[in-house]
Structure formats: C-alpha cells, structure tokens
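*Asks:* Have a look at the structure that comes next, please.
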Amino acid sequence: MRIACLAVSRIPSRSANSIRVMKVAQALVRLGHEVDLWYPGRRPAPPWADLRRHYGLSVEFRLHPTPGLSGLRRWDTSLRAVVESSRRAPDLFYVWSYQAAAALSVLGRPTLFEIHDRPAGAFGPLLFRLFLRGGGARRLLVITDALRAWLATRYGAPLREPFVVITPSGVDLEPYDDLPEPEEARRRLGWPQRLTVSYTGHLYPGRGLDLLTELARRNPEVAFVWAGGESNAVDAWRRRLADQRIANVRLLGFVPQVDLPLIHAASDVLVMPYEHAIAVSSGGDTSAFASPMKAFEYLAAGRALLSSDLPVLREVLDDENAILLPPQAVDAWDAALRRVASDPEQRARLGRRARQEARRYSWLERTRRAIEGLGPRADGERGR
C-alpha cells in the first residue's frame with residue numbers, strides 16, 4: 001500500500017511520540033509498504049545517518065517537513081499535511097493528529113488514527129467525534145485496554161475489534177539479540193564491575209527518581225545508572241545528588257536509541273518506579289493509560305525488572321516477568337532490590353521470561369496488527 005503518515009512530533013526529537021512515529025514508519029516499510037511521513041517543521045530533516053543513530057533505524061522513507069505558525073497549535077500544519085498528502089492519493093492515511101484525523105474522516109479518506117491518551121483541550125473531544133462519525137474512519141489504535149474502555153464509556157461507542165485495535169508500545173528486537181552478559185557489557189562501556197541497577201527515560205516528575213535516590217543512599221555498594229533526560233534536568237539532579245553526598249549514581253544524559261541495548265545489557269536489574277501520577281512532556285498525567293516504551297525495551301533486554309504495580313502496567317507485566325511493587329513504597333522497593341541482588345538464579349529466571357514476553361511486542365508485529373485487513377500487504381520484509 002501507499003501509506004501517508006501524518007505526525008504531530010518534530011523530527012528529530014527526544015520525545016517518546018517522535019520515537020514511536022519513526023519506529024512505526026520503519027515497520028511499515030519493512031512490511032513492504034511505500035511510506036511518506038509529514039511532520040511539523042520548516043527545515044529539512046537531518047541526514048539519514050544522523051536519524052539512524054538517533055532513532056535506531058535500519059531503513060529509510062520519505063520525509064516532508066510541514067511549516068506552520070506556533071500560535072495555531074498544529075491546526076495549520078495538520079491541515080496543510082492533509083492537503084499535501086492527499087495529492088499523492090495514498091491507499092491509507094496513518095495519523096496521530098486529531099485535526100488531521102477529523103478532516104480526513106469527514107472527507108471520506110481511509111484513515112487510521114492512533115491515540116495515546118484521552119482527547120483533551122477545547123477541541124479534542126469534538127475532533128474525536130468527527131473522526132468516529134466520518135465516512136473515512138477505518139481504524140482506531142489505542143495503546144491500552146484501559147484507554148479503550150474509558151473512550152467507550154465517555155463517547156458512548158462500542159469501540160470493539162476490528163475497528164479498534166489495542167497496540168501497546170513496542171521494541172525493535174534485533175538490537176537485543178545476542179546481548180553480552182552484564183560483566184562483558186560493563187567492560188565494553190568502561191563501567192566498574194559492581195551490581196548495576198539502571199533506569200532509562202526522561203527525568204520528568206512522577207518517574208520515581210526520589211525513590212531511586214533513596215535506594216542509592218541505602219545501597220552504596222550498588223551502582224545506579226540513569227540514562228536519559230534533558231541537560232537542565234540532568235544538571236539539576238547532579239547537584240541534588242552531590243548535595244546529599246550520594247556518589248553511586250551515574251547520570252548519562254540523553255542516549256541515542258542505537259546505544260540503549262548495551263546499557264540495558266550492562267545492567268543486572270532494570271527499574272521502572274513510576275509514581276501514582278506520571279507526567280509527560282505535555283504536562284498531563286498518563287498513569288491510568290500509559291504504555292511506556294521502556295517496559296518493552298527492558299523485557300527485550302532479558303534482565304530482572306522491578307516495576308511499580310500500576311493497574312495499566314498489568315496489561316503487559318505480571319509476577320512471572322517482573323517484580324511488581326507498590327509505587328513510592330521505599331521500604332518495599334529496598335527489600336525487593338536486596339533480595340534480587342543476592343539471588344542470581346531469580347534474576348536469570350525473570351530475565352528469561354521477560355525476553356520470551358518481549359517477542360509479542362516487536363514494532364513489526366505491532367504494526368502488522370495495526371493495519372491488518374485495511375488493504376493489500378506485501379508478504380515479505382525489507383530492511384533487515
């Protein structure tokens with residue numbers, strides 16, 4: 001199929017949404033489809049060599065920056081992308097923009113709409129209803145069943161398969177194949193040979209960083225690694241840790257996607273200590289509906305995983321592939337960390353089960369499910 005992807009994320013960007021968009025576009029190409037991606041921006045995208053490293057990509061597709069005015073809050077860029085992409089007469093529009101989804105559906109264009117949270121703002125609910133009622137609505141992708149259930153209740157629509165498909169975030173499995181053991185990975189990175197606990201992701205509020213700080217204070221013999229975050233947040237945390245005289249936390253700052261697997265491999269334990277409220281780049285709280293990419297990367301790494309026990313995370317994690325703990329309960333987390341640190345057999349068992357579970361969530365299989373039944377598909381893959 002000829003597929004037009006219409007994104008709301010800038011390229012390049014460190015946001016989770018930007019990474020998802022690029023991973024989906026790559027998967028579509030690997031499934032044999034012809035892909036054009038429109039995104040907000042005035043300048044051409046960086047060279048593909050830079051994008052490959054930044055996003056961990058292995059194939060290329062056409063990129064179309066779409067200029068707009070900042071005060072119009074994506075209306076002009078979205079509608080311009082609708083006009084420009086329609087000229088190519090694609091077989092399917094794969095969109096993340098509420099404005100584009102509503103316009104295309106009302107115009108009767110075959111539209112797949114992917115959403116990660118509840119419709120918000122003054123126009124979000126209206127645009128969502130226009131998409132549902134328009135003649136072009138072919139599929140709605142939601143990242144969790146919790147989000148599907150909320151939408152069905154709020155909008156009084158059945159929202160069942162095959163129109164709705166639940167597509168959690170995913171992971172590229174190939175970079176996680178044949179990872180070295182933690183000791184070898186640490187040797188390659190030049191890290192000390194100590195039991196290592198790693199967190200990868202942004203340093204926004206709600207990510208459990210205060211809990212990790214306390215764990216580091218209580219376990220000075222353990223090496224803690226935080227990979228991710230914007231430079232101002234990284235600097236602020238370095239000062240806070242120094243003020244508390246905590247010396248066993250290594251802050252790496254932003255890490256390109258291509259380098260994350262080795263960092264995960266160098267870890268004995270991976271942690272996801274979300275709090276009861278989880279902030280994102282837009283400032284909202286996604287604790288009830290989140291599908292964090294790090295969960296799938298952690299599973300693919302095949303390491304022991306300690307995670308907050310939030311209901312939405314139970315859609316992917318269970319007591320077989322992770323140790324689930326009460327959010328913000330420092331004593332429980334400390335006890336669990338000490339147990340798993342002293343039990344290599346438990347770490348290995350959790351890691352094996354996690355790796356098995358990750359195979360259900362590759363970006364390739366996610367995208368295959370997302371477009372299944374919407375048009376002709378190539379049987380092969382490209383870009384392996």
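Every chain in the structure tokens has a letter given in the order shown (A, B, ...), and although residue numbers restart at 1 in each chain, ligands are simply numbered from 1 in the order shown.
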So that I can see what lies close to stretch 226-232 of chain A, please list as a short mmCIF file (atom, residue, chain, number, x, y, z; two decimals) with N, CA and C atoms, in the first residue's frame the residues with an atom at most 7 Å from it, counting only C-alpha atoms and leaving out residues fewer than 2 positions away in the same chain.

*Replies:*
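Here's the written file selection_38.cif:
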data_model
loop_
_atom_site.label_atom_id
_atom_site.label_comp_id
_atom_site.auth_asym_id
_atom_site.auth_seq_id
_atom_site.Cartn_x
_atom_site.Cartn_y
_atom_site.Cartn_z
N SER A 198 19.74 -0.01 36.58
CA SER A 198 19.62 1.08 35.61
C SER A 198 18.18 1.51 35.40
N TYR A 199 18.04 2.81 35.18
CA TYR A 199 16.79 3.43 34.78
C TYR A 199 17.06 4.18 33.48
N THR A 200 16.23 3.99 32.46
CA THR A 200 16.38 4.74 31.23
C THR A 200 15.08 5.47 30.92
N GLY A 201 15.19 6.73 30.55
CA GLY A 201 14.00 7.52 30.23
C GLY A 201 14.16 8.95 30.69
N HIS A 202 13.09 9.71 30.51
CA HIS A 202 13.11 11.11 30.90
C HIS A 202 13.13 11.26 32.42
N LEU A 203 13.48 12.46 32.86
CA LEU A 203 13.57 12.75 34.29
C LEU A 203 12.42 13.63 34.74
N PHE A 224 24.16 2.65 40.43
CA PHE A 224 22.90 3.06 39.80
C PHE A 224 23.22 3.91 38.57
N VAL A 234 19.23 16.96 33.98
CA VAL A 234 20.39 16.17 34.38
C VAL A 234 21.29 16.99 35.31
N ASP A 235 21.53 18.24 34.96
CA ASP A 235 22.38 19.09 35.81
C ASP A 235 21.75 19.29 37.18
N ALA A 236 20.44 19.50 37.21
CA ALA A 236 19.75 19.71 38.49
C ALA A 236 19.87 18.48 39.38
N ARG A 250 25.29 7.27 38.43
CA ARG A 250 25.90 7.78 37.20
C ARG A 250 24.79 8.31 36.30
N LEU A 251 24.82 9.60 35.96
CA LEU A 251 23.84 10.21 35.06
C LEU A 251 24.47 10.35 33.69
N LEU A 252 23.88 9.69 32.70
CA LEU A 252 24.44 9.69 31.35
C LEU A 252 23.85 10.77 30.47
N GLY A 253 22.71 11.35 30.85
CA GLY A 253 22.03 12.27 29.95
C GLY A 253 21.40 11.53 28.79
N PHE A 254 21.06 12.27 27.75
CA PHE A 254 20.40 11.66 26.59
C PHE A 254 21.29 10.61 25.95
N VAL A 255 20.69 9.46 25.62
CA VAL A 255 21.38 8.37 24.96
C VAL A 255 20.63 8.03 23.68
#

*Asks:* Identify, on the basis of only C-alpha atoms, every residue whose closest approach to A:Arg138 does not exceed 10 Å; exclude the query and any residue fewer than 4 positions from it along the same chain; express the result as a list in words.

*Replies:*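 These residues fall inside the cut-off: Leu92, Phe93, Ser105, Gly108, Arg109, Pro110, Thr111, Leu112, Phe113, Phe131, Leu132, Gly134, Pro162, Phe163, Val164, Ile371, Gly373 and Leu374 of chain A.
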
*Asks:* Find the spatial neighbours of A:Ala358, counting only C-alpha atoms, within a cut-off of 6 Å - ignore same-chain residues fewer than 3 positions away - and output them as number ranges by chain.

*Replies:* A: 299-300, 355, 361

*Asks:* Nearest residue to A:Met22 out of A:Thr153, A:Gly124, A:Thr367, A:Arg353, using only C-alpha atoms?

*Replies:*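 Among the listed residues, the smallest separation from A:Met22 belongs to A:Thr367.
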
*Asks:* Write out as a list in words the residues lying within 7 Å of stretch 267-282 of chain A, counting only C-alpha atoms and excluding same-chain residues fewer than 6 positions away.

*Replies:*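 Residues near the query, excluding close chain neighbours: Pro182, Leu195, Thr196, Val197, Ser198, Tyr199, Tyr204, Pro205, Gly206, Arg207, Gly208, Tyr298, Arg303, Ala304, Leu305, Leu306, Ser307, Ser308, Pro327 and Gln328 of chain A.
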
*Asks:* How about saving the chosen residues, N, CA and C atoms kept, as a PDB file, in the first residue's frame?

*Replies:*
ATOM      1  N   PRO A 182      26.129  -9.131  31.572  1.00  0.00           N
ATOM      2  CA  PRO A 182      26.375  -7.834  32.212  1.00  0.00           C
ATOM      3  C   PRO A 182      27.852  -7.503  32.408  1.00  0.00           C
ATOM      4  N   LEU A 195      27.335  -4.776  40.964  1.00  0.00           N
ATOM      5  CA  LEU A 195      25.932  -4.997  40.628  1.00  0.00           C
ATOM      6  C   LEU A 195      25.324  -3.660  40.214  1.00  0.00           C
ATOM      7  N   THR A 196      24.688  -3.649  39.045  1.00  0.00           N
ATOM      8  CA  THR A 196      24.260  -2.397  38.426  1.00  0.00           C
ATOM      9  C   THR A 196      22.754  -2.381  38.240  1.00  0.00           C
ATOM     10  N   VAL A 197      22.145  -1.289  38.685  1.00  0.00           N
ATOM     11  CA  VAL A 197      20.705  -1.063  38.550  1.00  0.00           C
ATOM     12  C   VAL A 197      20.514   0.151  37.660  1.00  0.00           C
ATOM     13  N   SER A 198      19.745  -0.010  36.576  1.00  0.00           N
ATOM     14  CA  SER A 198      19.620   1.082  35.609  1.00  0.00           C
ATOM     15  C   SER A 198      18.181   1.508  35.401  1.00  0.00           C
ATOM     16  N   TYR A 199      18.044   2.813  35.181  1.00  0.00           N
ATOM     17  CA  TYR A 199      16.789   3.431  34.777  1.00  0.00           C
ATOM     18  C   TYR A 199      17.061   4.184  33.483  1.00  0.00           C
ATOM     19  N   TYR A 204      11.245  13.413  34.142  1.00  0.00           N
ATOM     20  CA  TYR A 204      10.062  14.190  34.490  1.00  0.00           C
ATOM     21  C   TYR A 204       9.553  13.799  35.877  1.00  0.00           C
ATOM     22  N   PRO A 205       8.731  14.655  36.491  1.00  0.00           N
ATOM     23  CA  PRO A 205       8.077  14.266  37.748  1.00  0.00           C
ATOM     24  C   PRO A 205       7.231  13.008  37.553  1.00  0.00           C
ATOM     25  N   GLY A 206       7.145  12.237  38.602  1.00  0.00           N
ATOM     26  CA  GLY A 206       6.333  11.026  38.552  1.00  0.00           C
ATOM     27  C   GLY A 206       7.080   9.796  38.108  1.00  0.00           C
ATOM     28  N   ARG A 207       8.380   9.936  37.773  1.00  0.00           N
ATOM     29  CA  ARG A 207       9.148   8.783  37.285  1.00  0.00           C
ATOM     30  C   ARG A 207       9.859   8.019  38.405  1.00  0.00           C
ATOM     31  N   GLY A 208       9.663   8.435  39.659  1.00  0.00           N
ATOM     32  CA  GLY A 208      10.226   7.687  40.776  1.00  0.00           C
ATOM     33  C   GLY A 208      11.673   8.002  41.081  1.00  0.00           C
ATOM     34  N   TYR A 298      13.050  -3.022  28.315  1.00  0.00           N
ATOM     35  CA  TYR A 298      13.523  -3.789  29.463  1.00  0.00           C
ATOM     36  C   TYR A 298      13.250  -5.281  29.271  1.00  0.00           C
ATOM     37  N   ARG A 303      16.630  -8.860  31.394  1.00  0.00           N
ATOM     38  CA  ARG A 303      17.176  -8.629  32.725  1.00  0.00           C
ATOM     39  C   ARG A 303      16.034  -8.596  33.745  1.00  0.00           C
ATOM     40  N   ALA A 304      16.378  -8.765  35.000  1.00  0.00           N
ATOM     41  CA  ALA A 304      15.365  -8.672  36.052  1.00  0.00           C
ATOM     42  C   ALA A 304      14.766  -7.273  36.059  1.00  0.00           C
ATOM     43  N   LEU A 305      13.465  -7.206  36.171  1.00  0.00           N
ATOM     44  CA  LEU A 305      12.741  -5.930  36.104  1.00  0.00           C
ATOM     45  C   LEU A 305      11.963  -5.712  37.391  1.00  0.00           C
ATOM     46  N   LEU A 306      12.207  -4.548  38.022  1.00  0.00           N
ATOM     47  CA  LEU A 306      11.411  -4.094  39.148  1.00  0.00           C
ATOM     48  C   LEU A 306      10.551  -2.939  38.676  1.00  0.00           C
ATOM     49  N   SER A 307       9.234  -3.067  38.851  1.00  0.00           N
ATOM     50  CA  SER A 307       8.315  -2.051  38.334  1.00  0.00           C
ATOM     51  C   SER A 307       7.251  -1.716  39.358  1.00  0.00           C
ATOM     52  N   SER A 308       6.772  -0.481  39.286  1.00  0.00           N
ATOM     53  CA  SER A 308       5.602  -0.107  40.073  1.00  0.00           C
ATOM     54  C   SER A 308       4.395  -0.927  39.619  1.00  0.00           C
ATOM     55  N   PRO A 327       3.861   1.638  44.291  1.00  0.00           N
ATOM     56  CA  PRO A 327       4.530   2.891  43.939  1.00  0.00           C
ATOM     57  C   PRO A 327       4.920   3.677  45.192  1.00  0.00           C
ATOM     58  N   GLN A 328       6.112   4.240  45.174  1.00  0.00           N
ATOM     59  CA  GLN A 328       6.590   5.161  46.200  1.00  0.00           C
ATOM     60  C   GLN A 328       6.784   4.513  47.568  1.00  0.00           C
TER      61      GLN A 328
END

*Asks:* Which of stretch 177-377 of chain A end up as helix (DSSP H, G or I) when DSSP is run on this backbone - answer as a ChimeraX atom specification?

*Replies:* /A:182-189,209-218,231-243,257-265,293-301,311-315,330-341,344-361,363-371

*Asks:* Among the residues of stretch 318-364 of chain A, find those DSSP assigns to strand (DSSP E or B) from the backbone and print them as number ranges by chain.

*Replies:* A: 323-325, 362

*Asks:* Figure out the distance between atom CA of A:Arg349 and atom CA of A:Ala335, please, to one decimal in Å.

*Replies:*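 We find that atom CA of A:Ala335 and atom CA of A:Arg349 lie 18.7 Å from each other.
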
*Asks:* Which of these residues is nearest to A:Ile263, using only C-alpha atoms: A:Asp243, A:Asp91, A:Glu114, A:Glu184?

*Replies:*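 Going through A:Asp243, A:Asp91, A:Glu114, A:Glu184 one by one, the smallest distance to A:Ile263 is for A:Glu184.
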
*Asks:* Do a neighbour search on A:Ser58 at 12 Å with only C-alpha atoms, toss out local chain neighbours closer than 4 positions, and write the hits as an mmCIF file with N, CA and C atoms, in the first residue's frame.

*Replies:*
data_model
loop_
_atom_site.group_PDB
_atom_site.id
_atom_site.type_symbol
_atom_site.label_atom_id
_atom_site.label_comp_id
_atom_site.auth_asym_id
_atom_site.auth_seq_id
_atom_site.Cartn_x
_atom_site.Cartn_y
_atom_site.Cartn_z
ATOM 1 N N MET A 22 8.597 7.266 14.237
ATOM 2 C CA MET A 22 9.655 6.790 13.364
ATOM 3 C C MET A 22 9.748 5.264 13.369
ATOM 4 N N LYS A 23 9.487 4.644 14.504
ATOM 5 C CA LYS A 23 9.504 3.186 14.565
ATOM 6 C C LYS A 23 8.343 2.596 13.752
ATOM 7 N N ALA A 25 6.822 4.061 11.142
ATOM 8 C CA ALA A 25 7.117 4.278 9.727
ATOM 9 C C ALA A 25 8.122 3.242 9.225
ATOM 10 N N GLN A 26 9.140 2.979 10.021
ATOM 11 C CA GLN A 26 10.113 1.959 9.629
ATOM 12 C C GLN A 26 9.447 0.592 9.487
ATOM 13 N N ALA A 27 8.600 0.221 10.438
ATOM 14 C CA ALA A 27 7.937 -1.078 10.380
ATOM 15 C C ALA A 27 7.055 -1.189 9.145
ATOM 16 N N VAL A 29 7.556 0.226 6.267
ATOM 17 C CA VAL A 29 8.453 -0.017 5.139
ATOM 18 C C VAL A 29 8.920 -1.464 5.132
ATOM 19 N N ARG A 30 9.289 -1.968 6.292
ATOM 20 C CA ARG A 30 9.768 -3.345 6.373
ATOM 21 C C ARG A 30 8.677 -4.345 6.010
ATOM 22 N N TRP A 48 20.204 11.111 6.886
ATOM 23 C CA TRP A 48 19.705 9.834 7.381
ATOM 24 C C TRP A 48 20.706 9.140 8.296
ATOM 25 N N ALA A 49 21.979 9.385 8.107
ATOM 26 C CA ALA A 49 22.961 8.791 9.018
ATOM 27 C C ALA A 49 22.712 9.247 10.449
ATOM 28 N N ASP A 50 22.351 10.517 10.625
ATOM 29 C CA ASP A 50 22.053 11.029 11.969
ATOM 30 C C ASP A 50 20.744 10.456 12.495
ATOM 31 N N LEU A 51 19.732 10.361 11.624
ATOM 32 C CA LEU A 51 18.442 9.825 12.057
ATOM 33 C C LEU A 51 18.554 8.349 12.426
ATOM 34 N N ARG A 52 19.355 7.613 11.684
ATOM 35 C CA ARG A 52 19.532 6.196 12.001
ATOM 36 C C ARG A 52 20.072 6.016 13.420
ATOM 37 N N ARG A 53 21.055 6.837 13.783
ATOM 38 C CA ARG A 53 21.632 6.714 15.121
ATOM 39 C C ARG A 53 20.673 7.209 16.192
ATOM 40 N N HIS A 54 20.047 8.352 15.924
ATOM 41 C CA HIS A 54 19.155 8.964 16.915
ATOM 42 C C HIS A 54 17.983 8.036 17.246
ATOM 43 N N ASP A 172 12.220 -2.807 18.966
ATOM 44 C CA ASP A 172 12.947 -3.499 17.903
ATOM 45 C C ASP A 172 13.752 -4.616 18.547
ATOM 46 N N GLU A 174 15.772 -6.943 17.149
ATOM 47 C CA GLU A 174 17.077 -7.312 16.608
ATOM 48 C C GLU A 174 18.252 -6.726 17.398
ATOM 49 N N PRO A 175 18.223 -5.453 17.805
ATOM 50 C CA PRO A 175 19.361 -4.928 18.569
ATOM 51 C C PRO A 175 19.557 -5.622 19.917
ATOM 52 N N GLN A 257 18.975 6.022 20.631
ATOM 53 C CA GLN A 257 18.334 4.718 20.656
ATOM 54 C C GLN A 257 19.303 3.581 20.330
ATOM 55 N N VAL A 258 20.229 3.848 19.435
ATOM 56 C CA VAL A 258 21.128 2.786 18.997
ATOM 57 C C VAL A 258 22.041 2.307 20.119
ATOM 58 N N ARG A 382 11.421 -5.780 4.386
ATOM 59 C CA ARG A 382 12.599 -5.118 3.832
ATOM 60 C C ARG A 382 13.366 -4.470 4.960
ATOM 61 N N GLY A 383 14.659 -4.284 4.717
ATOM 62 C CA GLY A 383 15.479 -3.507 5.647
ATOM 63 C C GLY A 383 16.004 -4.284 6.813
ATOM 64 N N ARG A 384 15.980 -5.607 6.726
ATOM 65 C CA ARG A 384 16.535 -6.373 7.843
ATOM 66 C C ARG A 384 18.052 -6.220 7.876
#

*Asks:* Rank nothing, just name the residue among A:Arg238, A:Leu107, A:Ala122, A:Ala157 nearest to A:Gly135, using only C-alpha atoms.

*Replies:*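 That would be A:Leu107, the residue with the smallest distance to A:Gly135.
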
*Asks:* Can you pull out the residues contacting A:Pro44? Cut-off 12 Å, using only C-alpha atoms, and skip same-chain residues under 2 positions away; I want them as a list in words.

*Replies:* Arg10, Ile11, Pro12, Trp38, Tyr39, Pro40, Gly41, Arg42, Pro46, Pro47, Trp48, Arg62, Leu63, His64, Pro65, Thr66 and Pro67 of chain A

*Asks:* For A:Val330, please output as a list of chain:residue names all residues within 9 Å (counting only C-alpha atoms; exclusion window: fewer than 6 positions along the same chain).

*Replies:*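 That gives A:Leu211, A:Leu212, A:Glu214, A:Leu215.
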
*Asks:* What does the structure give for the distance between atom CA of A:Arg129 and atom CA of A:His116, in Å to one decimal?

*Replies:*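 Taking atom CA of A:Arg129 as the start and atom CA of A:His116 as the end point, the length is 16.2 Å.
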
*Asks:* When distances are computed from only C-alpha atoms, which of A:Met1, A:Leu350, A:Ala266, A:Ala247 shows the smallest separation from A:Leu317?

*Replies:*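 Between A:Met1, A:Leu350, A:Ala266, A:Ala247, the residue approaching A:Leu317 most closely is A:Leu350.
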